[in-house]
Each structure stands twice: as C-alpha cells, then as structure tokens.
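What follows is the content of target.cif (mmCIF, C-alpha atoms and all ligand atoms).
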data_upload
#
loop_
_atom_site.label_atom_id
_atom_site.label_comp_id
_atom_site.auth_asym_id
_atom_site.auth_seq_id
_atom_site.Cartn_x
_atom_site.Cartn_y
_atom_site.Cartn_z
CA MET Q 26 94.95 66.99 81.78
CA ALA Q 27 94.81 63.70 79.87
CA GLY Q 28 92.97 65.36 76.97
CA LEU Q 29 95.38 68.27 76.87
CA VAL Q 30 98.41 65.98 77.04
CA ARG Q 31 97.03 63.80 74.22
CA SER Q 32 96.43 66.78 71.93
CA LEU Q 33 99.81 68.28 72.80
CA ASP Q 34 101.48 64.91 72.18
CA THR Q 35 99.92 64.81 68.71
CA ALA Q 36 101.20 68.31 68.00
CA ALA Q 37 104.65 67.47 69.37
CA ALA Q 38 104.89 64.51 67.00
CA ASP Q 39 104.57 66.88 64.01
CA ALA Q 40 107.02 69.55 65.10
CA PRO Q 41 109.11 70.30 68.16
CA MET Q 42 107.22 72.41 70.61
CA ALA Q 43 108.73 75.72 71.68
CA ALA Q 44 106.65 76.48 74.72
CA VAL Q 45 103.42 76.08 76.61
CA VAL Q 46 101.86 79.36 77.74
CA VAL Q 47 99.38 79.10 80.57
CA GLU Q 48 97.44 81.26 82.99
CA THR Q 49 97.13 79.48 86.33
CA VAL Q 50 93.72 81.13 86.67
CA GLN Q 51 92.16 82.16 83.39
CA GLY Q 52 91.11 85.79 83.69
CA GLU Q 53 89.35 86.82 80.50
CA GLY Q 54 88.44 83.14 80.09
CA GLY Q 55 86.02 83.47 83.01
CA VAL Q 56 88.11 83.00 86.18
CA ASN Q 57 88.91 79.30 85.90
CA PRO Q 58 91.56 78.26 88.45
CA ALA Q 59 93.75 75.37 87.27
CA ARG Q 60 94.12 72.65 89.86
CA PRO Q 61 97.59 72.62 91.49
CA VAL Q 62 98.02 68.96 90.54
CA TRP Q 63 97.34 69.87 86.90
CA LEU Q 64 100.04 72.54 87.00
CA ARG Q 65 102.44 70.16 88.76
CA THR Q 66 101.86 67.61 86.00
CA LEU Q 67 102.26 70.16 83.23
CA ALA Q 68 105.63 71.48 84.47
CA PRO Q 69 107.68 68.25 84.11
CA TRP Q 70 105.73 67.36 80.97
CA THR Q 71 106.91 70.52 79.18
CA GLN Q 72 110.45 69.84 80.39
CA ALA Q 73 110.31 66.27 79.06
CA HIS Q 74 109.33 67.67 75.64
CA GLY Q 75 112.11 70.27 75.63
CA ALA Q 76 109.51 73.05 75.75
CA LEU Q 77 109.49 76.13 77.94
CA LEU Q 78 106.78 76.61 80.51
CA ILE Q 79 105.60 80.22 80.35
CA VAL Q 80 103.16 81.50 82.95
CA ASP Q 81 101.24 84.58 81.87
CA ASP Q 82 100.79 86.23 85.26
CA ILE Q 83 99.75 89.58 83.81
CA GLN Q 84 96.25 89.48 85.30
CA MET Q 85 96.64 86.98 88.15
CA GLY Q 86 100.12 87.90 89.37
CA CYS Q 87 101.19 90.72 91.73
CA GLY Q 88 99.13 89.27 94.59
CA ARG Q 89 95.76 88.99 92.84
CA THR Q 90 95.26 85.38 93.98
CA GLY Q 91 97.06 85.86 97.32
CA PRO Q 92 100.80 85.16 96.90
CA PHE Q 93 102.83 87.48 94.67
CA PHE Q 94 103.00 84.88 91.87
CA SER Q 95 99.83 82.95 91.10
CA PHE Q 96 101.79 79.71 90.55
CA GLU Q 97 103.21 79.63 94.07
CA ARG Q 98 100.20 77.67 95.31
CA ALA Q 99 101.23 74.82 92.96
CA GLY Q 100 104.89 74.92 93.98
CA ILE Q 101 106.12 75.12 90.38
CA ILE Q 102 108.83 77.37 88.94
CA PRO Q 103 108.13 78.33 85.32
CA ASP Q 104 110.87 79.05 82.79
CA LEU Q 105 109.40 82.46 81.92
CA VAL Q 106 106.92 84.67 83.72
CA CYS Q 107 105.05 87.64 82.20
CA LEU Q 108 104.00 90.41 84.58
CA SER Q 109 102.25 93.72 83.99
CA LYS Q 110 98.94 95.42 84.95
CA SER Q 111 99.22 96.30 88.67
CA LEU Q 112 102.99 95.78 88.74
CA SER Q 113 103.77 99.50 89.04
CA GLY Q 114 101.32 99.71 91.96
CA TYR Q 115 100.17 103.08 90.68
CA GLY Q 116 98.50 102.50 87.32
CA MET Q 117 101.62 103.39 85.38
CA PRO Q 118 102.63 101.46 82.27
CA MET Q 119 105.08 98.73 83.10
CA ALA Q 120 105.70 95.13 82.05
CA LEU Q 121 108.37 92.60 82.94
CA THR Q 122 109.45 89.27 81.54
CA LEU Q 123 111.26 87.14 84.09
CA LEU Q 124 113.37 84.28 82.82
CA ARG Q 125 115.68 81.65 84.18
CA PRO Q 126 119.30 82.86 84.01
CA GLU Q 127 120.24 80.10 81.54
CA TYR Q 128 117.81 81.56 78.99
CA ASP Q 129 119.12 85.09 79.32
CA VAL Q 130 121.08 85.27 76.07
CA TRP Q 131 121.00 89.08 75.79
CA LYS Q 132 124.24 90.98 76.26
CA PRO Q 133 124.07 94.29 78.18
CA GLY Q 134 122.48 96.97 75.98
CA GLU Q 135 121.64 94.51 73.21
CA HIS Q 136 117.86 94.50 73.71
CA ASN Q 137 117.10 98.17 73.33
CA GLY Q 138 114.61 100.53 71.73
CA THR Q 139 113.11 103.98 71.98
CA PHE Q 140 110.50 103.33 74.66
CA ARG Q 141 111.95 100.71 76.99
CA GLY Q 142 110.98 101.52 80.49
CA TYR Q 143 109.09 104.37 82.06
CA ASP Q 144 111.28 105.52 84.94
CA PRO Q 145 108.46 106.77 87.25
CA ALA Q 146 106.83 103.31 86.99
CA PHE Q 147 110.07 101.68 88.14
CA VAL Q 148 110.10 103.97 91.18
CA THR Q 149 106.48 103.26 92.15
CA ALA Q 150 106.91 99.52 91.47
CA ALA Q 151 109.94 99.34 93.76
CA ARG Q 152 108.06 101.24 96.47
CA THR Q 153 105.05 98.94 96.05
CA LEU Q 154 107.26 95.91 96.58
CA GLU Q 155 108.71 97.49 99.74
CA LEU Q 156 105.33 98.56 101.09
CA PHE Q 157 103.27 95.47 100.38
CA TRP Q 158 105.68 92.57 99.97
CA SER Q 159 108.22 92.98 102.75
CA ASP Q 160 105.94 90.88 104.96
CA GLY Q 161 103.02 88.48 104.49
CA ALA Q 162 100.27 90.90 105.56
CA LEU Q 163 98.81 91.68 102.12
CA GLU Q 164 98.85 88.03 101.10
CA ALA Q 165 97.07 86.99 104.30
CA ARG Q 166 94.50 89.76 103.94
CA THR Q 167 93.81 88.89 100.29
CA ALA Q 168 93.24 85.26 101.28
CA ALA Q 169 90.88 86.28 104.08
CA LEU Q 170 88.93 88.73 101.90
CA GLY Q 171 88.76 86.09 99.16
CA GLU Q 172 87.04 83.69 101.56
CA ARG Q 173 84.55 86.41 102.39
CA VAL Q 174 83.86 87.20 98.73
CA GLY Q 175 83.47 83.50 97.94
CA GLY Q 176 81.04 82.97 100.82
CA THR Q 177 78.95 86.03 99.95
CA LEU Q 178 78.80 85.12 96.26
CA ALA Q 179 77.81 81.56 97.14
CA ARG Q 180 74.86 82.91 99.13
CA THR Q 181 73.85 85.23 96.26
CA ALA Q 182 74.11 82.33 93.79
CA HIS Q 183 72.06 80.07 96.04
CA ARG Q 184 69.38 82.73 96.51
CA TYR Q 185 68.86 83.19 92.78
CA GLY Q 186 69.48 79.62 91.63
CA LEU Q 187 72.75 80.41 89.85
CA PRO Q 188 75.75 78.14 89.25
CA ALA Q 189 78.41 78.14 91.97
CA PRO Q 190 80.87 81.05 91.95
CA ARG Q 191 84.55 80.30 91.47
CA GLY Q 192 87.75 82.14 92.21
CA LEU Q 193 90.85 82.59 94.29
CA GLY Q 194 92.06 85.47 96.40
CA LEU Q 195 90.45 88.62 95.00
CA ALA Q 196 89.60 87.25 91.54
CA TRP Q 197 86.06 85.86 91.39
CA ALA Q 198 83.41 84.96 88.85
CA LEU Q 199 79.67 84.81 89.34
CA PRO Q 200 78.41 82.67 86.45
CA PHE Q 201 74.95 82.88 84.85
CA ASP Q 202 73.10 80.30 82.82
CA ARG Q 203 70.98 82.60 80.71
CA PRO Q 204 72.83 84.34 77.82
CA GLY Q 205 73.00 88.08 78.38
CA ALA Q 206 72.27 87.89 82.13
CA ALA Q 207 75.87 88.68 83.19
CA ARG Q 208 75.85 91.80 80.97
CA GLU Q 209 72.52 92.94 82.46
CA VAL Q 210 73.84 92.46 85.99
CA CYS Q 211 77.06 94.37 85.22
CA ASP Q 212 75.00 97.20 83.67
CA ALA Q 213 72.71 97.34 86.72
CA ALA Q 214 75.75 97.37 89.04
CA TYR Q 215 77.33 100.14 86.99
CA ARG Q 216 74.22 102.30 87.38
CA SER Q 217 74.72 101.91 91.15
CA GLY Q 218 78.38 102.92 90.95
CA LEU Q 219 80.02 99.49 90.86
CA LEU Q 220 82.31 98.60 87.97
CA LEU Q 221 82.31 94.92 86.97
CA GLU Q 222 83.32 93.23 83.74
CA THR Q 223 81.81 90.30 81.98
CA ALA Q 224 84.22 87.49 81.09
CA GLY Q 225 84.23 83.95 79.75
CA PRO Q 226 83.90 82.65 76.18
CA TYR Q 227 80.23 83.68 76.08
CA ASP Q 228 80.48 86.65 78.44
CA GLU Q 229 78.60 84.41 80.83
CA VAL Q 230 80.21 85.50 84.08
CA ALA Q 231 80.36 88.72 86.06
CA LYS Q 232 84.01 89.09 87.04
CA LEU Q 233 85.05 90.70 90.33
CA LEU Q 234 88.57 92.11 90.62
CA PRO Q 235 88.43 94.47 93.63
CA PRO Q 236 91.56 96.48 94.43
CA LEU Q 237 93.82 94.51 96.78
CA THR Q 238 93.80 97.58 99.02
CA VAL Q 239 89.98 97.58 99.28
CA THR Q 240 88.71 98.37 102.78
CA ASP Q 241 86.26 96.10 104.62
CA GLU Q 242 83.52 98.73 104.23
CA GLN Q 243 84.13 99.18 100.51
CA LEU Q 244 84.05 95.44 99.97
CA THR Q 245 80.80 95.08 101.89
CA HIS Q 246 79.28 97.94 99.91
CA GLY Q 247 80.43 96.41 96.61
CA LEU Q 248 79.07 92.96 97.44
CA ASP Q 249 75.75 94.45 98.59
CA THR Q 250 75.54 96.47 95.37
CA LEU Q 251 76.20 93.35 93.31
CA ASP Q 252 73.55 91.39 95.20
CA ALA Q 253 71.05 94.18 94.55
CA ALA Q 254 72.00 94.21 90.85
CA VAL Q 255 71.43 90.45 90.63
CA ALA Q 256 68.10 90.88 92.43
CA SER Q 257 67.00 93.63 90.01
CA VAL Q 258 67.75 91.43 87.00
CA ALA Q 259 66.29 88.34 88.68
CA GLY Q 260 63.16 90.32 89.50
CA ALA Q 261 62.69 91.19 85.83
CA ARG Q 262 63.19 87.66 84.53
CA THR Q 263 64.59 84.28 85.50
CA LEU Q 264 68.39 84.16 85.55
CA ALA Q 265 68.80 80.44 85.16
CA VAL Q 266 67.51 78.66 82.05
C1 LIG M 301 96.46 87.22 81.11
C2 LIG M 301 96.69 88.40 80.21
N1 LIG M 301 97.74 88.41 79.40
C3 LIG M 301 97.96 89.46 78.58
C4 LIG M 301 97.13 90.54 78.55
C5 LIG M 301 97.42 91.66 77.63
O1 LIG M 301 98.15 92.59 78.32
P1 LIG M 301 98.58 93.94 77.60
O2 LIG M 301 97.31 94.73 77.45
O3 LIG M 301 99.53 94.55 78.56
O4 LIG M 301 99.17 93.59 76.29
C6 LIG M 301 96.01 90.57 79.38
C7 LIG M 301 95.07 91.70 79.36
O5 LIG M 301 93.97 91.65 79.89
C8 LIG M 301 95.79 89.48 80.23
O6 LIG M 301 94.73 89.44 81.06
#
Can you dump the structure from the file as structure tokens?
Ligand SMILES: Cc1ncc(COP(=O)(O)O)c(C=O)c1O
Amino acid sequence: MAGLVRSLDTAAADAPMAAVVVETVQGEGGVNPARPVWLRTLAPWTQAHGALLIVDDIQMGCGRTGPFFSFERAGIIPDLVCLSKSLSGYGMPMALTLLRPEYDVWKPGEHNGTFRGYDPAFVTAARTLELFWSDGALEARTAALGERVGGTLARTAHRYGLPAPRGLGLAWALPFDRPGAAREVCDAAYRSGLLLETAGPYDEVAKLLPPLTVTDEQLTHGLDTLDAAVASVAGARTLAV
C-alpha cells in the first residue's frame, strides 16, 4: 500500500485525480486477492484526494468470491461499481454501472442510445437474483466449495513442488514457476474435457472459475482432471525451475 500511495501521491501533485479503479481480486492479473486492510486504507485515501473509488466487479462480482459484491469482505462501499459477465445468470449480454445517488446527474431519458438493454437479460437477471440471492445459501456454498478447492490445489501444488495456490470463493489460481507450464497444463486438461484459462502477466497461472452452480461430483471430477493434467506435464519435465 505504501508504494502505491507514494506513486499516487506523486501523480496527484501534478493533476487532480478523477478516480481509482480497482479489482478486489485481480482476475486476468492472475487471481491476486487484495487484503481487506489494503482496501479499507484505499477507500478513505481516495476520498481525501477528492477521487472516486471505482470497483470493477465484472469478473469477481455476482457471487464469484462468495458474497454478491467482492468488496463486501472488506466492508467498504465504493462510489461506482461495474458489473457484467454472469449478471444475467444465463449467459446473456448485460452490464450495469452502480453509482451513489449523489453522482447520478442523468435526467430520465438523457442517457440513451440504440442498443441500451437487452430485455430478456433483464428478465433472467431478476430471476437469478430471486433464485440465488434471496437467502445466504449460495454464498455459504461458494465459501465451502472454495475451501475444498483451495485444499485440493494445495495438495496438488505440494505434490509437484509448485508455488502455493491462491484464491477466494470459486476463483483460484494454480501458479507455475516454469514459463509455459501453465499453458501445457491447461492444454492437457482441455484434452480431458476440462476448460481452464491461463492468467497472470506471464500467463504463469492456471485459473479456475467453476460455475457457482457446480455439483459436488462435477467439482471432484474437475479437480481430479486438473491433478492428472499437472501429473502428465510434471511427468514429461520438471514444473518448477
Ligand atoms: C475485471 C474485468 N473488467 C472488464 C472486463 C471487460 O469486460 P467486457 O468484455 O464486458 O468489456 C473483463 C473481462 O474479462 C474483466 O475481467
């Protein structure tokens, strides 16, 4: 935090800062969860500099880390929140920008355009909220499954001498030391029917984003398939440098 604050302070001295945009868990960046204390320090800091705090919850929102919003675990309330991806609950295109009422300067009908809202997505999104967010069951299940994924990945990492996995809820990264290893593991998993992405600045992690509705059996099968993929690559050559 100190380094970030110093560099932001230098920038703020040159020109007023409009906003800080942050993911509470970097997704494409390799599944790096920010510490809650870091987020709690950032929030008043942006306010003190007259800047907006924008949380990009497009990948980590909608329950991916457990609670509906990924920042809930830090107890902060951002000025703006971006949501999309699984928001419609049905793979339909939909995005939302939430903002504090005091920043809502649009008059009714003022912010318009040709393609502004796909009605079927609004219907499925509303139903998804009713089905999955009228009680705490999905959040509790995601937390429980996340613990399971974390434990299983830790055992896989230990077995093959890999760095520790990291993640929250149902967003996890299995990092590799050797360049190219994550790609090889994702390719091997794909040949066995499991879809995984690489992520991180050097594509150095295999990223797991199982559906939040995954069954216990599917999750077990997926984790077993991943372990076998790691074993097949580890068998061919050393994964760690
Ligand atoms: C955190 C985050 N923000 C923004 C985007 C871009 O979203 P879109 O493709 O809807 O523009 C992505 C896509 O992966 C993302 O992960």
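Among the candidates Q:Asp81, Q:Asp39, Q:Glu53, Q:Asp212, the one nearest to Val106 of chain Q when counting all atoms listed in the file is Q:Asp81.
Using all atoms listed in the file, the shortest contact distance between ligand LIG 301 (chain M) and any of Q:Thr177, Q:Ala43, Q:Val80, Q:Ala73 is found at Q:Val80.
All residues, whether protein, DNA or RNA, that have an atom at most 8 Å from ligand LIG 301 (chain M) (counting only C-alpha atoms and all ligand atoms) are Glu48, Gln51, Gly52, Glu53, Asp81, Asp82, Ile83, Gln84, Met85, Cys107, Ser109, Lys110 and Ala120 of chain Q.
Residues in contact with Ala150 of chain Q at 10 Å, where all atoms listed in the file are counted and same-chain residues fewer than 3 positions away are skipped, are listed as Ser111, Leu112, Ser113, Gly114, Tyr115, Gly116, Met117, Met119, Asp144, Pro145, Ala146, Phe147, Thr153, Leu154, Glu155 and Leu156 of chain Q.
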Please produce a file of the residues just selected, as a PDB file, in the coordinates of the input, where the atoms kept are C-alpha atoms.
ATOM      1  CA  SER Q 111      99.220  96.300  88.670  1.00  0.00           C
ATOM      2  CA  LEU Q 112     102.990  95.780  88.740  1.00  0.00           C
ATOM      3  CA  SER Q 113     103.770  99.500  89.040  1.00  0.00           C
ATOM      4  CA  GLY Q 114     101.320  99.710  91.960  1.00  0.00           C
ATOM      5  CA  TYR Q 115     100.170 103.080  90.680  1.00  0.00           C
ATOM      6  CA  GLY Q 116      98.500 102.500  87.320  1.00  0.00           C
ATOM      7  CA  MET Q 117     101.620 103.390  85.380  1.00  0.00           C
ATOM      8  CA  MET Q 119     105.080  98.730  83.100  1.00  0.00           C
ATOM      9  CA  ASP Q 144     111.280 105.520  84.940  1.00  0.00           C
ATOM     10  CA  PRO Q 145     108.460 106.770  87.250  1.00  0.00           C
ATOM     11  CA  ALA Q 146     106.830 103.310  86.990  1.00  0.00           C
ATOM     12  CA  PHE Q 147     110.070 101.680  88.140  1.00  0.00           C
ATOM     13  CA  THR Q 153     105.050  98.940  96.050  1.00  0.00           C
ATOM     14  CA  LEU Q 154     107.260  95.910  96.580  1.00  0.00           C
ATOM     15  CA  GLU Q 155     108.710  97.490  99.740  1.00  0.00           C
ATOM     16  CA  LEU Q 156     105.330  98.560 101.090  1.00  0.00           C
TER      17      LEU Q 156
END
With 3 Å on each side, where is the centre of the axis-aligned box around all listed atoms of segment 171-189 of chain Q, and how long are its edges in Å to one decimal, as AutoDock Vina command-line options?
--center_x 78.8 --center_y 82.7 --center_z 95.8 --size_x 25.9 --size_y 15.1 --size_z 19.1
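Distance-wise, atom CA of Ala224 of chain Q and atom CA of Val56 of chain Q end up 7.8 Å apart.
Straight-line separation from atom CA of Gly218 of chain Q to atom CA of Leu195 of chain Q: 19.1 Å.
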Subject >> For Gly171 of chain Q: contacts at 8 Å, all atoms listed in the file, fewer than 3 positions along chain excluded, given as a PyMOL selection string >> reply: chain Q and resi 167-168+174-175+193-196
Subject >> atom CA of Leu105 of chain Q to atom CA of Val46 of chain Q, distance in Å rounded to a single decimal >> reply: 9.2 Å
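For the choices Q:Gly247, Q:Gly142, Q:Pro41, Q:Gly54, the atom-to-atom distance to Glu229 of chain Q is smallest for Q:Gly54 when using only C-alpha atoms.
Using all atoms listed in the file for every distance, the candidate list Q:Val230, Q:Ala214, Q:Val239, Q:Cys87 yields Q:Ala214 as the residue closest to Ala253 of chain Q.
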Subject >> Residue among Q:Pro190, Q:Ala206, Q:Thr245, Q:Lys232 lying closest to Gly260 of chain Q, counting only C-alpha atoms >> reply: Q:Ala206
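Closest approach to Asp160 of chain Q among Q:Phe93, Q:Thr122, Q:Leu78, Q:Val62 is made by Q:Phe93 (distances from all atoms listed in the file).
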Subject >> Shell around Ala231 of chain Q at 6 Å using all atoms listed in the file, local window under 3 positions removed, as a PyMOL selection string >> reply: chain Q and resi 198-199+207+222-223
Saved selection, atoms kept: C-alpha atoms, as a PDB file, in the frame of the given file:
ATOM      1  CA  ALA Q 198      83.410  84.960  88.850  1.00  0.00           C
ATOM      2  CA  LEU Q 199      79.670  84.810  89.340  1.00  0.00           C
ATOM      3  CA  ALA Q 207      75.870  88.680  83.190  1.00  0.00           C
ATOM      4  CA  GLU Q 222      83.320  93.230  83.740  1.00  0.00           C
ATOM      5  CA  THR Q 223      81.810  90.300  81.980  1.00  0.00           C
TER       6      THR Q 223
END
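Residue neighbourhood of Glu97 of chain Q, excluding near-sequence residues (fewer than 3 positions): Thr49, Pro61, Leu64, Arg65, Val80, Asp82, Met85, Gly86, Cys87, Gly88, Thr90, Gly91, Pro92, Phe93, Phe94, Gly100, Ile101, Ile102, Pro103 and Glu164 of chain Q, at 12 Å, using all atoms listed in the file.
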